[in-house]
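The file work35.pdb contains PDB, C-alpha atoms and all ligand atoms:
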MODEL        1
ATOM      1  CA  MET D 427       0.000   0.000   0.000
ATOM      2  CA  THR D 428       1.425   3.403  -0.986
ATOM      3  CA  GLN D 429       1.357   6.620   0.979
ATOM      4  CA  THR D 430      -2.028   8.330   1.212
ATOM      5  CA  VAL D 431      -2.693  11.587  -0.589
ATOM      6  CA  ARG D 432      -2.969  14.506   1.833
ATOM      7  CA  LYS D 433      -2.090  17.441  -0.351
ATOM      8  CA  VAL D 434      -3.906  18.897  -3.324
ATOM      9  CA  VAL D 435      -2.799  21.590  -5.736
ATOM     10  CA  PHE D 436      -5.241  23.884  -7.511
ATOM     11  CA  PRO D 437      -3.719  25.777 -10.437
ATOM     12  CA  VAL D 438      -5.878  28.907 -10.424
ATOM     13  CA  ALA D 439      -3.645  31.676 -11.758
ATOM     14  CA  GLY D 440      -5.201  31.772 -15.261
ATOM     15  CA  LEU D 441      -7.066  34.797 -16.546
ATOM     16  CA  GLY D 442     -10.296  33.117 -17.676
ATOM     17  CA  THR D 443     -10.606  35.171 -20.849
ATOM     18  CA  ARG D 444     -13.324  32.911 -22.241
ATOM     19  CA  PHE D 445     -15.784  34.258 -19.692
ATOM     20  CA  LEU D 446     -15.062  37.962 -20.087
ATOM     21  CA  PRO D 447     -16.539  40.316 -19.075
ATOM     22  CA  ALA D 448     -17.816  38.177 -16.152
ATOM     23  CA  THR D 449     -14.205  37.413 -15.166
ATOM     24  CA  LYS D 450     -12.892  40.972 -15.291
ATOM     25  CA  ALA D 451     -13.123  41.503 -11.515
ATOM     26  CA  VAL D 452     -14.279  38.031 -10.427
ATOM     27  CA  PRO D 453     -11.861  35.102 -10.900
ATOM     28  CA  LYS D 454     -13.341  32.390 -13.132
ATOM     29  CA  GLU D 455     -12.947  29.887 -10.290
ATOM     30  CA  MET D 456     -15.369  32.036  -8.285
ATOM     31  CA  LEU D 457     -18.179  31.703 -10.837
ATOM     32  CA  PRO D 458     -20.947  29.785  -9.083
ATOM     33  CA  VAL D 459     -22.207  26.401 -10.145
ATOM     34  CA  VAL D 460     -25.603  26.333  -8.436
ATOM     35  CA  ASP D 461     -24.805  27.645  -4.934
ATOM     36  CA  ARG D 462     -21.028  27.538  -4.583
ATOM     37  CA  PRO D 463     -18.076  28.677  -6.640
ATOM     38  CA  LEU D 464     -16.268  26.251  -8.919
ATOM     39  CA  ILE D 465     -13.241  26.255  -6.629
ATOM     40  CA  GLN D 466     -15.347  25.168  -3.648
ATOM     41  CA  TRP D 467     -16.651  22.154  -5.566
ATOM     42  CA  ALA D 468     -13.012  21.248  -6.222
ATOM     43  CA  VAL D 469     -12.037  21.735  -2.563
ATOM     44  CA  GLU D 470     -14.982  19.601  -1.414
ATOM     45  CA  GLU D 471     -14.010  16.836  -3.832
ATOM     46  CA  ALA D 472     -10.444  16.876  -2.464
ATOM     47  CA  ALA D 473     -11.631  16.923   1.152
ATOM     48  CA  ALA D 474     -13.928  13.949   0.480
ATOM     49  CA  ALA D 475     -10.888  12.114  -0.912
ATOM     50  CA  GLY D 476      -9.021  12.654   2.367
ATOM     51  CA  CYS D 477      -6.944  15.748   1.538
ATOM     52  CA  ASN D 478      -6.406  18.315   4.286
ATOM     53  CA  GLU D 479      -3.743  20.543   2.771
ATOM     54  CA  PHE D 480      -4.983  22.803   0.017
ATOM     55  CA  ILE D 481      -2.377  24.548  -2.121
ATOM     56  CA  PHE D 482      -3.573  27.343  -4.379
ATOM     57  CA  VAL D 483      -1.243  28.346  -7.202
ATOM     58  CA  SER D 484      -2.737  31.738  -7.727
ATOM     59  CA  SER D 485      -2.060  35.271  -8.837
ATOM     60  CA  PRO D 486      -2.081  38.497  -6.798
ATOM     61  CA  HIS D 487      -5.066  39.651  -8.877
ATOM     62  CA  LYS D 488      -7.228  36.831  -7.599
ATOM     63  CA  ARG D 489      -7.633  37.714  -3.927
ATOM     64  CA  ALA D 490     -11.273  36.603  -3.932
ATOM     65  CA  ILE D 491     -10.273  32.931  -3.966
ATOM     66  CA  LEU D 492      -8.308  33.054  -0.713
ATOM     67  CA  GLU D 493     -10.905  35.382   0.780
ATOM     68  CA  HIS D 494     -13.560  32.757   0.103
ATOM     69  CA  PHE D 495     -11.622  30.270   2.251
ATOM     70  CA  SER D 496     -10.770  32.731   5.041
ATOM     71  CA  PRO D 497     -12.731  33.369   8.238
ATOM     72  CA  ALA D 498     -15.522  35.934   7.880
ATOM     73  CA  PRO D 499     -15.854  37.456  11.392
ATOM     74  CA  ALA D 500     -18.483  40.040  10.412
ATOM     75  CA  TYR D 501     -20.738  37.318   9.019
ATOM     76  CA  GLU D 502     -20.023  34.993  11.947
ATOM     77  CA  GLU D 503     -20.999  37.607  14.502
ATOM     78  CA  VAL D 504     -24.319  38.403  12.870
ATOM     79  CA  LEU D 505     -25.260  34.781  12.224
ATOM     80  CA  GLU D 506     -24.249  33.761  15.767
ATOM     81  CA  ALA D 507     -26.359  36.553  17.267
ATOM     82  CA  ARG D 508     -29.329  35.399  15.197
ATOM     83  CA  GLY D 509     -28.802  31.734  16.080
ATOM     84  CA  LYS D 510     -28.406  30.797  12.409
ATOM     85  CA  HIS D 511     -26.171  27.761  12.901
ATOM     86  CA  ASP D 512     -26.831  26.080   9.549
ATOM     87  CA  GLU D 513     -25.769  29.221   7.745
ATOM     88  CA  MET D 514     -22.701  29.489   9.959
ATOM     89  CA  ALA D 515     -21.618  26.029   8.846
ATOM     90  CA  LEU D 516     -21.775  27.251   5.244
ATOM     91  CA  LEU D 517     -19.082  29.817   6.049
ATOM     92  CA  GLN D 518     -16.597  26.902   6.266
ATOM     93  CA  ALA D 519     -16.747  26.938   2.439
ATOM     94  CA  GLY D 520     -16.358  23.163   2.314
ATOM     95  CA  LEU D 521     -13.055  23.018   4.221
ATOM     96  CA  PRO D 522     -12.539  20.228   6.740
ATOM     97  CA  GLU D 523     -11.823  21.195  10.380
ATOM     98  CA  ASN D 524      -8.112  20.393  10.134
ATOM     99  CA  ALA D 525      -7.538  22.171   6.817
ATOM    100  CA  LYS D 526      -4.258  23.872   6.045
ATOM    101  CA  ILE D 527      -4.255  26.413   3.260
ATOM    102  CA  THR D 528      -1.179  27.503   1.362
ATOM    103  CA  GLU D 529      -1.034  30.095  -1.384
ATOM    104  CA  VAL D 530       1.814  30.413  -3.838
ATOM    105  CA  PHE D 531       1.966  32.757  -6.785
ATOM    106  CA  GLN D 532       2.655  31.863 -10.379
ATOM    107  CA  ASP D 533       4.220  35.053 -11.622
ATOM    108  CA  LYS D 534       4.177  34.194 -15.340
ATOM    109  CA  PRO D 535       1.653  32.207 -17.411
ATOM    110  CA  LEU D 536       4.156  29.553 -18.483
ATOM    111  CA  GLY D 537       1.765  26.604 -18.512
ATOM    112  CA  LEU D 538       0.192  23.941 -16.295
ATOM    113  CA  GLY D 539       3.525  22.207 -15.684
ATOM    114  CA  HIS D 540       5.002  25.475 -14.470
ATOM    115  CA  ALA D 541       1.994  26.094 -12.208
ATOM    116  CA  ILE D 542       2.505  22.684 -10.591
ATOM    117  CA  TRP D 543       6.253  23.352 -10.227
ATOM    118  CA  CYS D 544       5.408  26.592  -8.388
ATOM    119  CA  ALA D 545       3.887  24.395  -5.635
ATOM    120  CA  ARG D 546       7.083  22.320  -5.172
ATOM    121  CA  GLU D 547       7.993  23.622  -1.708
ATOM    122  CA  ALA D 548       4.462  23.238  -0.352
ATOM    123  CA  VAL D 549       4.239  19.738  -1.836
ATOM    124  CA  GLY D 550       7.586  18.539  -0.444
ATOM    125  CA  ASP D 551       8.428  14.883  -0.751
ATOM    126  CA  GLU D 552       5.033  13.204  -0.854
ATOM    127  CA  PRO D 553       2.464  12.241  -3.480
ATOM    128  CA  PHE D 554      -0.099  14.931  -4.208
ATOM    129  CA  ALA D 555      -3.288  15.482  -6.167
ATOM    130  CA  VAL D 556      -3.949  18.157  -8.760
ATOM    131  CA  ILE D 557      -7.484  19.288  -9.552
ATOM    132  CA  LEU D 558      -8.319  21.622 -12.435
ATOM    133  CA  PRO D 559     -11.532  23.214 -11.148
ATOM    134  CA  ASP D 560     -12.858  23.750 -14.710
ATOM    135  CA  ASP D 561     -13.426  20.031 -15.057
ATOM    136  CA  MET D 562     -16.351  18.952 -12.901
ATOM    137  CA  VAL D 563     -17.390  15.337 -12.478
ATOM    138  CA  LEU D 564     -20.842  14.474 -11.196
ATOM    139  CA  HIS D 565     -20.926  11.185  -9.313
ATOM    140  CA  GLY D 566     -21.871  10.030  -5.822
ATOM    141  CA  THR D 567     -18.228   9.127  -5.183
ATOM    142  CA  GLY D 568     -16.054  12.052  -6.207
ATOM    143  CA  CYS D 569     -13.592  11.499  -9.038
ATOM    144  CA  LEU D 570     -10.578  12.085  -6.780
ATOM    145  CA  SER D 571     -11.876   9.615  -4.165
ATOM    146  CA  GLN D 572     -12.182   7.011  -6.907
ATOM    147  CA  MET D 573      -8.616   7.762  -7.982
ATOM    148  CA  VAL D 574      -7.158   7.618  -4.461
ATOM    149  CA  GLU D 575      -8.582   4.117  -4.091
ATOM    150  CA  GLN D 576      -6.823   3.041  -7.308
ATOM    151  CA  TYR D 577      -3.643   4.921  -6.442
ATOM    152  CA  GLU D 578      -3.242   3.081  -3.150
ATOM    153  CA  GLN D 579      -2.709  -0.124  -5.163
ATOM    154  CA  LEU D 580      -0.681   1.405  -7.996
ATOM    155  CA  GLY D 581       1.592   4.241  -6.832
ATOM    156  CA  GLY D 582       3.474   6.179  -9.504
ATOM    157  CA  ASN D 583       1.492   8.718 -11.498
ATOM    158  CA  LEU D 584      -2.217   8.412 -12.162
ATOM    159  CA  VAL D 585      -4.446  10.539 -14.413
ATOM    160  CA  ALA D 586      -8.201  10.566 -14.930
ATOM    161  CA  ILE D 587      -9.112   9.789 -18.530
ATOM    162  CA  GLU D 588     -12.118   9.596 -20.810
ATOM    163  CA  ALA D 589     -12.830   8.979 -24.467
ATOM    164  CA  VAL D 590     -13.430  12.267 -26.285
ATOM    165  CA  PRO D 591     -14.740  12.872 -29.819
ATOM    166  CA  HIS D 592     -11.915  12.242 -32.319
ATOM    167  CA  ASP D 593     -12.103  15.770 -33.669
ATOM    168  CA  GLN D 594     -11.380  17.283 -30.216
ATOM    169  CA  THR D 595      -8.010  15.708 -29.409
ATOM    170  CA  GLN D 596      -6.245  19.071 -29.914
ATOM    171  CA  ARG D 597      -7.798  20.258 -26.626
ATOM    172  CA  TYR D 598      -6.291  17.564 -24.428
ATOM    173  CA  GLY D 599      -3.351  15.499 -23.332
ATOM    174  CA  VAL D 600      -3.898  12.255 -25.288
ATOM    175  CA  LEU D 601      -2.763   8.712 -24.435
ATOM    176  CA  ASP D 602      -0.895   6.114 -26.378
ATOM    177  CA  PRO D 603      -2.664   3.311 -24.517
ATOM    178  CA  GLY D 604      -1.069   0.032 -23.498
ATOM    179  CA  ALA D 605      -2.697  -2.870 -21.685
ATOM    180  CA  GLU D 606      -6.175  -2.239 -20.343
ATOM    181  CA  THR D 607      -7.407  -3.907 -17.141
ATOM    182  CA  GLY D 608     -10.985  -2.968 -16.294
ATOM    183  CA  THR D 609     -11.012   0.761 -15.644
ATOM    184  CA  LEU D 610      -7.208   1.084 -15.738
ATOM    185  CA  VAL D 611      -5.077   1.724 -18.787
ATOM    186  CA  ALA D 612      -1.285   1.411 -18.689
ATOM    187  CA  ILE D 613       0.104   4.394 -20.591
ATOM    188  CA  LYS D 614       2.874   3.884 -23.159
ATOM    189  CA  GLY D 615       3.096   7.487 -24.275
ATOM    190  CA  LEU D 616       1.363  10.866 -24.057
ATOM    191  CA  VAL D 617       0.986  13.764 -26.473
ATOM    192  CA  GLU D 618      -0.244  17.205 -25.470
ATOM    193  CA  LYS D 619      -2.902  18.668 -27.753
ATOM    194  CA  PRO D 620      -2.291  16.602 -30.887
ATOM    195  CA  ALA D 621      -4.222  17.329 -34.074
ATOM    196  CA  PRO D 622      -6.748  14.512 -34.669
ATOM    197  CA  ALA D 623      -4.575  13.090 -37.457
ATOM    198  CA  ASP D 624      -1.589  12.802 -35.095
ATOM    199  CA  ALA D 625      -3.443  11.608 -31.990
ATOM    200  CA  PRO D 626      -2.411   8.128 -30.806
ATOM    201  CA  SER D 627      -5.986   7.501 -29.534
ATOM    202  CA  ASN D 628      -9.068   9.416 -28.427
ATOM    203  CA  LEU D 629      -8.401   8.745 -24.725
ATOM    204  CA  ALA D 630      -7.798  12.116 -23.095
ATOM    205  CA  ILE D 631      -6.587  13.312 -19.710
ATOM    206  CA  ILE D 632      -9.164  15.288 -17.787
ATOM    207  CA  GLY D 633      -8.336  17.633 -14.917
ATOM    208  CA  ARG D 634      -7.478  15.155 -12.127
ATOM    209  CA  TYR D 635      -4.001  13.871 -11.359
ATOM    210  CA  ILE D 636      -2.247  12.037  -8.533
ATOM    211  CA  LEU D 637       1.453  12.696  -8.929
ATOM    212  CA  ASP D 638       4.716  11.479  -7.505
ATOM    213  CA  PRO D 639       6.908  14.324  -6.168
ATOM    214  CA  GLN D 640       9.570  13.259  -8.704
ATOM    215  CA  VAL D 641       7.617  15.231 -11.323
ATOM    216  CA  MET D 642       9.048  18.419  -9.791
ATOM    217  CA  GLU D 643      12.583  17.577 -10.810
ATOM    218  CA  ASP D 644      11.603  16.981 -14.425
ATOM    219  CA  LEU D 645       9.479  20.156 -14.470
ATOM    220  CA  SER D 646      12.414  22.189 -13.205
ATOM    221  CA  ALA D 647      14.118  21.666 -16.587
ATOM    222  CA  PHE D 648      11.536  24.197 -17.869
ATOM    223  CA  ASN D 649      11.228  22.422 -21.224
ATOM    224  CA  LYS D 650       8.609  24.027 -23.423
ATOM    225  CA  GLY D 651       6.057  21.869 -25.194
ATOM    226  CA  ALA D 652       2.735  22.403 -26.974
ATOM    227  CA  GLY D 653       1.766  26.065 -27.266
ATOM    228  CA  GLY D 654       5.247  27.086 -26.050
ATOM    229  CA  GLU D 655       4.181  26.150 -22.495
ATOM    230  CA  ILE D 656       5.699  23.900 -19.830
ATOM    231  CA  GLN D 657       3.389  20.882 -19.903
ATOM    232  CA  ILE D 658       2.796  18.347 -17.110
ATOM    233  CA  THR D 659       1.835  15.926 -19.908
ATOM    234  CA  ASP D 660       5.423  15.997 -21.231
ATOM    235  CA  THR D 661       6.839  15.394 -17.761
ATOM    236  CA  LEU D 662       4.561  12.387 -17.247
ATOM    237  CA  ALA D 663       5.685  11.029 -20.608
ATOM    238  CA  ASN D 664       9.355  11.576 -19.667
ATOM    239  CA  LEU D 665       8.897   9.573 -16.462
ATOM    240  CA  ILE D 666       7.457   6.496 -18.202
ATOM    241  CA  GLY D 667       9.819   3.630 -17.437
ATOM    242  CA  LYS D 668      10.930   5.278 -14.200
ATOM    243  CA  LEU D 669       7.517   5.390 -12.550
ATOM    244  CA  PRO D 670       4.284   3.527 -13.277
ATOM    245  CA  LEU D 671       1.808   5.672 -15.233
ATOM    246  CA  HIS D 672      -1.856   4.759 -15.474
ATOM    247  CA  GLY D 673      -5.032   6.288 -16.818
ATOM    248  CA  TYR D 674      -8.198   5.713 -14.811
ATOM    249  CA  LYS D 675     -11.582   5.656 -16.530
ATOM    250  CA  PHE D 676     -13.572   7.393 -13.819
ATOM    251  CA  GLN D 677     -17.261   6.921 -13.104
ATOM    252  CA  GLY D 678     -19.554   9.899 -13.568
ATOM    253  CA  GLN D 679     -20.280  12.589 -16.101
ATOM    254  CA  ARG D 680     -17.650  15.222 -16.797
ATOM    255  CA  TYR D 681     -18.560  18.832 -17.526
ATOM    256  CA  ASP D 682     -16.051  21.214 -19.056
ATOM    257  CA  CYS D 683     -16.856  24.420 -17.214
ATOM    258  CA  GLY D 684     -14.149  26.212 -19.184
ATOM    259  CA  ASN D 685     -16.666  26.718 -21.963
ATOM    260  CA  ARG D 686     -20.036  28.384 -21.740
ATOM    261  CA  VAL D 687     -22.314  25.514 -22.725
ATOM    262  CA  GLY D 688     -20.440  23.078 -20.490
ATOM    263  CA  PHE D 689     -20.752  25.532 -17.609
ATOM    264  CA  LEU D 690     -24.489  25.872 -18.194
ATOM    265  CA  ALA D 691     -24.937  22.103 -18.408
ATOM    266  CA  ALA D 692     -23.015  21.634 -15.142
ATOM    267  CA  ASN D 693     -25.339  24.096 -13.451
ATOM    268  CA  LEU D 694     -28.389  22.160 -14.613
ATOM    269  CA  ALA D 695     -27.010  18.720 -13.774
ATOM    270  CA  PHE D 696     -25.645  19.664 -10.343
ATOM    271  CA  ALA D 697     -28.822  21.576  -9.415
ATOM    272  CA  LEU D 698     -30.979  18.602 -10.361
ATOM    273  CA  SER D 699     -28.653  16.260  -8.515
ATOM    274  CA  GLN D 700     -29.000  18.365  -5.341
ATOM    275  CA  ALA D 701     -32.774  18.456  -5.791
ATOM    276  CA  GLY D 702     -32.597  14.677  -6.234
ATOM    277  CA  ALA D 703     -31.004  14.359  -2.830
ATOM    278  CA  GLY D 704     -34.485  15.212  -1.510
ATOM    279  CA  GLY D 705     -36.044  12.074  -2.949
ATOM    280  CA  GLN D 706     -35.631  11.831  -6.730
ATOM    281  CA  SER D 707     -32.098  10.629  -6.570
ATOM    282  CA  GLY D 708     -30.349  10.153  -9.908
ATOM    283  CA  LEU D 709     -32.123  13.039 -11.654
ATOM    284  CA  GLY D 710     -28.972  15.050 -12.374
ATOM    285  CA  GLU D 711     -26.934  11.920 -13.062
ATOM    286  CA  ASN D 712     -29.492  10.585 -15.568
ATOM    287  CA  LEU D 713     -29.636  13.911 -17.310
ATOM    288  CA  GLY D 714     -25.891  13.828 -17.867
ATOM    289  CA  PRO D 715     -25.778  11.783 -21.064
ATOM    290  CA  VAL D 716     -28.732  13.739 -22.506
ATOM    291  CA  LEU D 717     -27.054  17.074 -21.788
ATOM    292  CA  ARG D 718     -23.846  15.742 -23.235
ATOM    293  CA  ASP D 719     -25.659  14.888 -26.492
ATOM    294  CA  ILE D 720     -27.249  18.310 -26.716
ATOM    295  CA  MET D 721     -24.069  20.104 -25.739
ATOM    296  CA  GLY D 722     -21.986  18.248 -28.290
ATOM    297  CA  THR D 723     -23.672  20.289 -31.031
ATOM    298  CA  TYR D 724     -22.670  23.556 -29.362
ATOM    299  CA  LEU D 725     -19.149  22.874 -28.204
TER
HETATM  300  C1  LIG M 801      -4.900  20.813 -19.480
HETATM  301  C2  LIG M 801      -3.827  19.765 -19.764
HETATM  302  C3  LIG M 801      -4.367  18.700 -20.723
HETATM  303  C4  LIG M 801      -5.647  18.099 -20.175
HETATM  304  C5  LIG M 801      -6.670  19.219 -19.872
HETATM  305  C6  LIG M 801      -7.897  18.662 -19.165
HETATM  306  O1  LIG M 801      -5.140  21.538 -20.672
HETATM  307  O2  LIG M 801      -2.693  20.389 -20.312
HETATM  308  O3  LIG M 801      -3.412  17.678 -20.916
HETATM  309  O4  LIG M 801      -6.168  17.176 -21.100
HETATM  310  O5  LIG M 801      -6.099  20.220 -19.019
HETATM  311  O6  LIG M 801      -8.878  19.620 -19.000
HETATM  312  P1  LIG M 801      -5.884  22.982 -20.646
HETATM  313  O7  LIG M 801      -7.356  22.674 -20.578
HETATM  314  O8  LIG M 801      -5.381  23.707 -19.462
HETATM  315  O9  LIG M 801      -5.515  23.629 -21.947
ENDMDL
END
Whole structure, structure tokens version:
Amino acid sequence: MTQTVRKVVFPVAGLGTRFLPATKAVPKEMLPVVDRPLIQWAVEEAAAAGCNEFIFVSSPHKRAILEHFSPAPAYEEVLEARGKHDEMALLQAGLPENAKITEVFQDKPLGLGHAIWCAREAVGDEPFAVILPDDMVLHGTGCLSQMVEQYEQLGGNLVAIEAVPHDQTQRYGVLDPGAETGTLVAIKGLVEKPAPADAPSNLAIIGRYILDPQVMEDLSAFNKGAGGEIQITDTLANLIGKLPLHGYKFQGQRYDCGNRVGFLAANLAFALSQAGAGGQSGLGENLGPVLRDIMGTYL
């Protein structure tokens, strides 16, 4: 059994230009899906998976994110005086009692690999998770919890994967798949954002990773890849042969909240899923494939 995953990194320094003007003053990670910001969904998923150290790779322009996870004494005082204890619990913003929060800044937009490297001191010498809050997965057992269970048997590096339409491979890190065992795929190679004609498969990485701290050393070479950026995908490919690398076909429906229709669909599915918790369980989950079909036309 490998070490458990206590730390999670959230790369949140990006500008979110696709949602302008909404993201001019409000970070994109603070856009609400139903009743909580995207970043809180990500934090809750990590907490449910057992993480208690939350590392935000952020930018000085995005104070609202840290503010959201800080104590709010003015609110607390008023709610306490009014005896509103349920509302007071909401001020925890999904953090567990023993949470530790660390913020580091990514001073230049040099890519996802660089963002992860910026967290190297906070991560230290233990395995850690990375969640890209744009990618939301709706399932009773969070995507990261599912991955932690797999990781405990596998070690190495583990990424969440799903089959994407062949004409969309240029948006993702794409696998050259090896042997497949149930929901696990051994990875022989990886290519970041290949054109469909060059893609080794249509199995793509989505925004969940469990990584060995050895990735930091490879990232520190600052090699530029697709789009002139430092890519975690390239580092994972470089470490094949040194560390096990697996793709995990997660359960649940993924919503890409980095685009408008995906964001809207996530709002519908998560709202219905919450409503379902009151008796019609499965409503949001069942809607997933339908929304996915409709959305496909608009993506
Ligand atoms: C990043 C990764 C890519 C991955 C994707 C998942 O790309 O570089 O490998 O498939 O997230 O959402 P980005 O969406 O930041 O361009």
Please determine, counting only C-alpha atoms, which residue among D:Leu492, D:Asn685, D:Lys534, D:Thr595 has the shortest atom-to-atom distance to Ala623 in chain D.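 Closest to Ala623 in chain D of all the choices is D:Thr595.
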Distance query Ala692 in chain D at most 10 Å, all atoms listed in the file, self and fewer than 6 positions along chain excluded, as a PDB file with C-alpha atoms, keeping the file's coordinate frame:
ATOM      1  CA  VAL D 459     -22.207  26.401 -10.145  1.00  0.00           C
ATOM      2  CA  VAL D 460     -25.603  26.333  -8.436  1.00  0.00           C
ATOM      3  CA  ASP D 561     -13.426  20.031 -15.057  1.00  0.00           C
ATOM      4  CA  MET D 562     -16.351  18.952 -12.901  1.00  0.00           C
ATOM      5  CA  VAL D 563     -17.390  15.337 -12.478  1.00  0.00           C
ATOM      6  CA  LEU D 564     -20.842  14.474 -11.196  1.00  0.00           C
ATOM      7  CA  GLN D 679     -20.280  12.589 -16.101  1.00  0.00           C
ATOM      8  CA  ARG D 680     -17.650  15.222 -16.797  1.00  0.00           C
ATOM      9  CA  TYR D 681     -18.560  18.832 -17.526  1.00  0.00           C
ATOM     10  CA  ASP D 682     -16.051  21.214 -19.056  1.00  0.00           C
ATOM     11  CA  CYS D 683     -16.856  24.420 -17.214  1.00  0.00           C
ATOM     12  CA  ARG D 686     -20.036  28.384 -21.740  1.00  0.00           C
ATOM     13  CA  LEU D 698     -30.979  18.602 -10.361  1.00  0.00           C
ATOM     14  CA  GLY D 710     -28.972  15.050 -12.374  1.00  0.00           C
ATOM     15  CA  GLY D 714     -25.891  13.828 -17.867  1.00  0.00           C
ATOM     16  CA  LEU D 717     -27.054  17.074 -21.788  1.00  0.00           C
TER      17      LEU D 717
END
Report as a list in words which protein, DNA and RNA residues come within 8 Å of ligand LIG 801 (chain M), using all atoms listed in the file.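 Final answer, ordered by chain and number: Gly537, Leu538, Gly539, Leu558, Asp560, Asp561, Arg597, Tyr598, Gly599, Val600, Glu618, Lys619, Ala630, Ile631, Ile632, Gly633, Arg634, Gln657, Ile658, Thr659, Asp682 and Gly684 of chain D.
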Write out as a ChimeraX atom specification each polymer residue whose atoms come within 9 Å of Lys650 in chain D, counting all atoms listed in the file; drop sequence neighbours fewer than 3 positions from it. /D:536-537,653-657,660
Nearest residue to Ala663 in chain D from the set D:Gly688, D:Pro486, D:Pro622, D:Gly615 (distances using all atoms listed in the file): D:Gly615
All residues 9 Å or closer to Val431 in chain D, only C-alpha atoms, same chain fewer than 4 positions away omitted, as an NGL selection string: :D and (475-477 or 552-555 or 574 or 577-578 or 636)
Between CA of Asn649 in chain D and CA of Ala545 in chain D, what is the distance in Å, rounded to a tenth? 17.3 Å
Residue nearest Gly608 in chain D among D:Ile542, D:Lys675, D:Glu471, D:Gln579 (counting only C-alpha atoms):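 Going through D:Ile542, D:Lys675, D:Glu471, D:Gln579 one by one, the smallest distance to Gly608 in chain D is for D:Lys675.
A cut-off of 8 Å from the point (3.4, 29.7, 0.5), with only C-alpha atoms, picks out the residues Thr528, Glu529, Val530, Glu547 and Ala548 of chain D.
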Range 533-545 of chain D, all listed atoms, 8 Å padding on each side: what axis-aligned box centre and edge lengths in Å to one decimal come out, as JSON?
{"center_x": 3.2, "center_y": 28.6, "center_z": -12.1, "size_x": 22.1, "size_y": 28.8, "size_z": 28.9}
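With distances restricted to all atoms listed in the file, D:Leu464 is the closest residue to Phe696 in chain D from D:Val438, D:Val611, D:Met721, D:Leu464.
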Distance in Å - CA of Val452 in chain D versus CA of Ile465 in chain D: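 One can read the CA of Val452 in chain D to CA of Ile465 in chain D distance as 12.4 Å.
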My list of candidates is D:Glu455, D:Glu479, D:Glu606, D:Glu643. Which is closest to Ile491 in chain D when distances are computed with only C-alpha atoms?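 Residue with the minimum atom-to-atom distance to Ile491 in chain D: D:Glu455.
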Target residues per the PyMOL selection byres (((chain D and resi 443) around 12) and not hetatm), formatted as a list of chain:residue names: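 The output of the PyMOL selection byres (((chain D and resi 443) around 12) and not hetatm) on this file is D:Ala439, D:Gly440, D:Leu441, D:Gly442, D:Arg444, D:Phe445, D:Leu446, D:Pro447, D:Ala448, D:Thr449, D:Lys450, D:Ala451, D:Val452, D:Pro453, D:Lys454, D:Gly684, D:Asn685, D:Arg686.
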Residue neighbourhood range 494-509 of chain D, 12 Å, only C-alpha atoms, exclusion window fewer than 4 positions, as an MDAnalysis selection string: chainID D and resid 452:453 455:457 462:466 469:470 480:482 488:490 513:522 525:529
Determine the residue membership of the PyMOL selection byres (((chain D and resi 671) around 7) and not hetatm) for the file above and supply it as a PDB file with C-alpha atoms, in the coordinates of the input.
ATOM      1  CA  GLY D 582       3.474   6.179  -9.504  1.00  0.00           C
ATOM      2  CA  ASN D 583       1.492   8.718 -11.498  1.00  0.00           C
ATOM      3  CA  LEU D 584      -2.217   8.412 -12.162  1.00  0.00           C
ATOM      4  CA  ALA D 612      -1.285   1.411 -18.689  1.00  0.00           C
ATOM      5  CA  ILE D 613       0.104   4.394 -20.591  1.00  0.00           C
ATOM      6  CA  ILE D 666       7.457   6.496 -18.202  1.00  0.00           C
ATOM      7  CA  LEU D 669       7.517   5.390 -12.550  1.00  0.00           C
ATOM      8  CA  PRO D 670       4.284   3.527 -13.277  1.00  0.00           C
ATOM      9  CA  HIS D 672      -1.856   4.759 -15.474  1.00  0.00           C
TER      10      HIS D 672
END
Once N, CA, C and O atoms are restored for range 714-719 of chain D, what would the output be as a PDB file, in the frame of the given file?
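The resulting file, part.pdb, is reproduced below:
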ATOM      1  N   GLY D 714     -27.240  13.634 -17.344  1.00  0.00           N
ATOM      2  CA  GLY D 714     -25.891  13.828 -17.867  1.00  0.00           C
ATOM      3  C   GLY D 714     -25.716  13.446 -19.326  1.00  0.00           C
ATOM      4  O   GLY D 714     -25.361  14.283 -20.153  1.00  0.00           O
ATOM      5  N   PRO D 715     -25.998  12.192 -19.674  1.00  0.00           N
ATOM      6  CA  PRO D 715     -25.778  11.783 -21.064  1.00  0.00           C
ATOM      7  C   PRO D 715     -26.635  12.595 -22.046  1.00  0.00           C
ATOM      8  O   PRO D 715     -26.196  12.888 -23.154  1.00  0.00           O
ATOM      9  N   VAL D 716     -27.845  12.962 -21.624  1.00  0.00           N
ATOM     10  CA  VAL D 716     -28.732  13.739 -22.506  1.00  0.00           C
ATOM     11  C   VAL D 716     -28.116  15.107 -22.757  1.00  0.00           C
ATOM     12  O   VAL D 716     -27.984  15.565 -23.896  1.00  0.00           O
ATOM     13  N   LEU D 717     -27.678  15.753 -21.650  1.00  0.00           N
ATOM     14  CA  LEU D 717     -27.054  17.074 -21.788  1.00  0.00           C
ATOM     15  C   LEU D 717     -25.820  16.984 -22.668  1.00  0.00           C
ATOM     16  O   LEU D 717     -25.566  17.835 -23.507  1.00  0.00           O
ATOM     17  N   ARG D 718     -25.081  15.929 -22.476  1.00  0.00           N
ATOM     18  CA  ARG D 718     -23.846  15.742 -23.235  1.00  0.00           C
ATOM     19  C   ARG D 718     -24.160  15.680 -24.734  1.00  0.00           C
ATOM     20  O   ARG D 718     -23.473  16.259 -25.558  1.00  0.00           O
ATOM     21  N   ASP D 719     -25.259  14.973 -25.082  1.00  0.00           N
ATOM     22  CA  ASP D 719     -25.659  14.888 -26.492  1.00  0.00           C
ATOM     23  C   ASP D 719     -26.020  16.252 -27.040  1.00  0.00           C
ATOM     24  O   ASP D 719     -25.588  16.641 -28.116  1.00  0.00           O
TER      25      ASP D 719
END
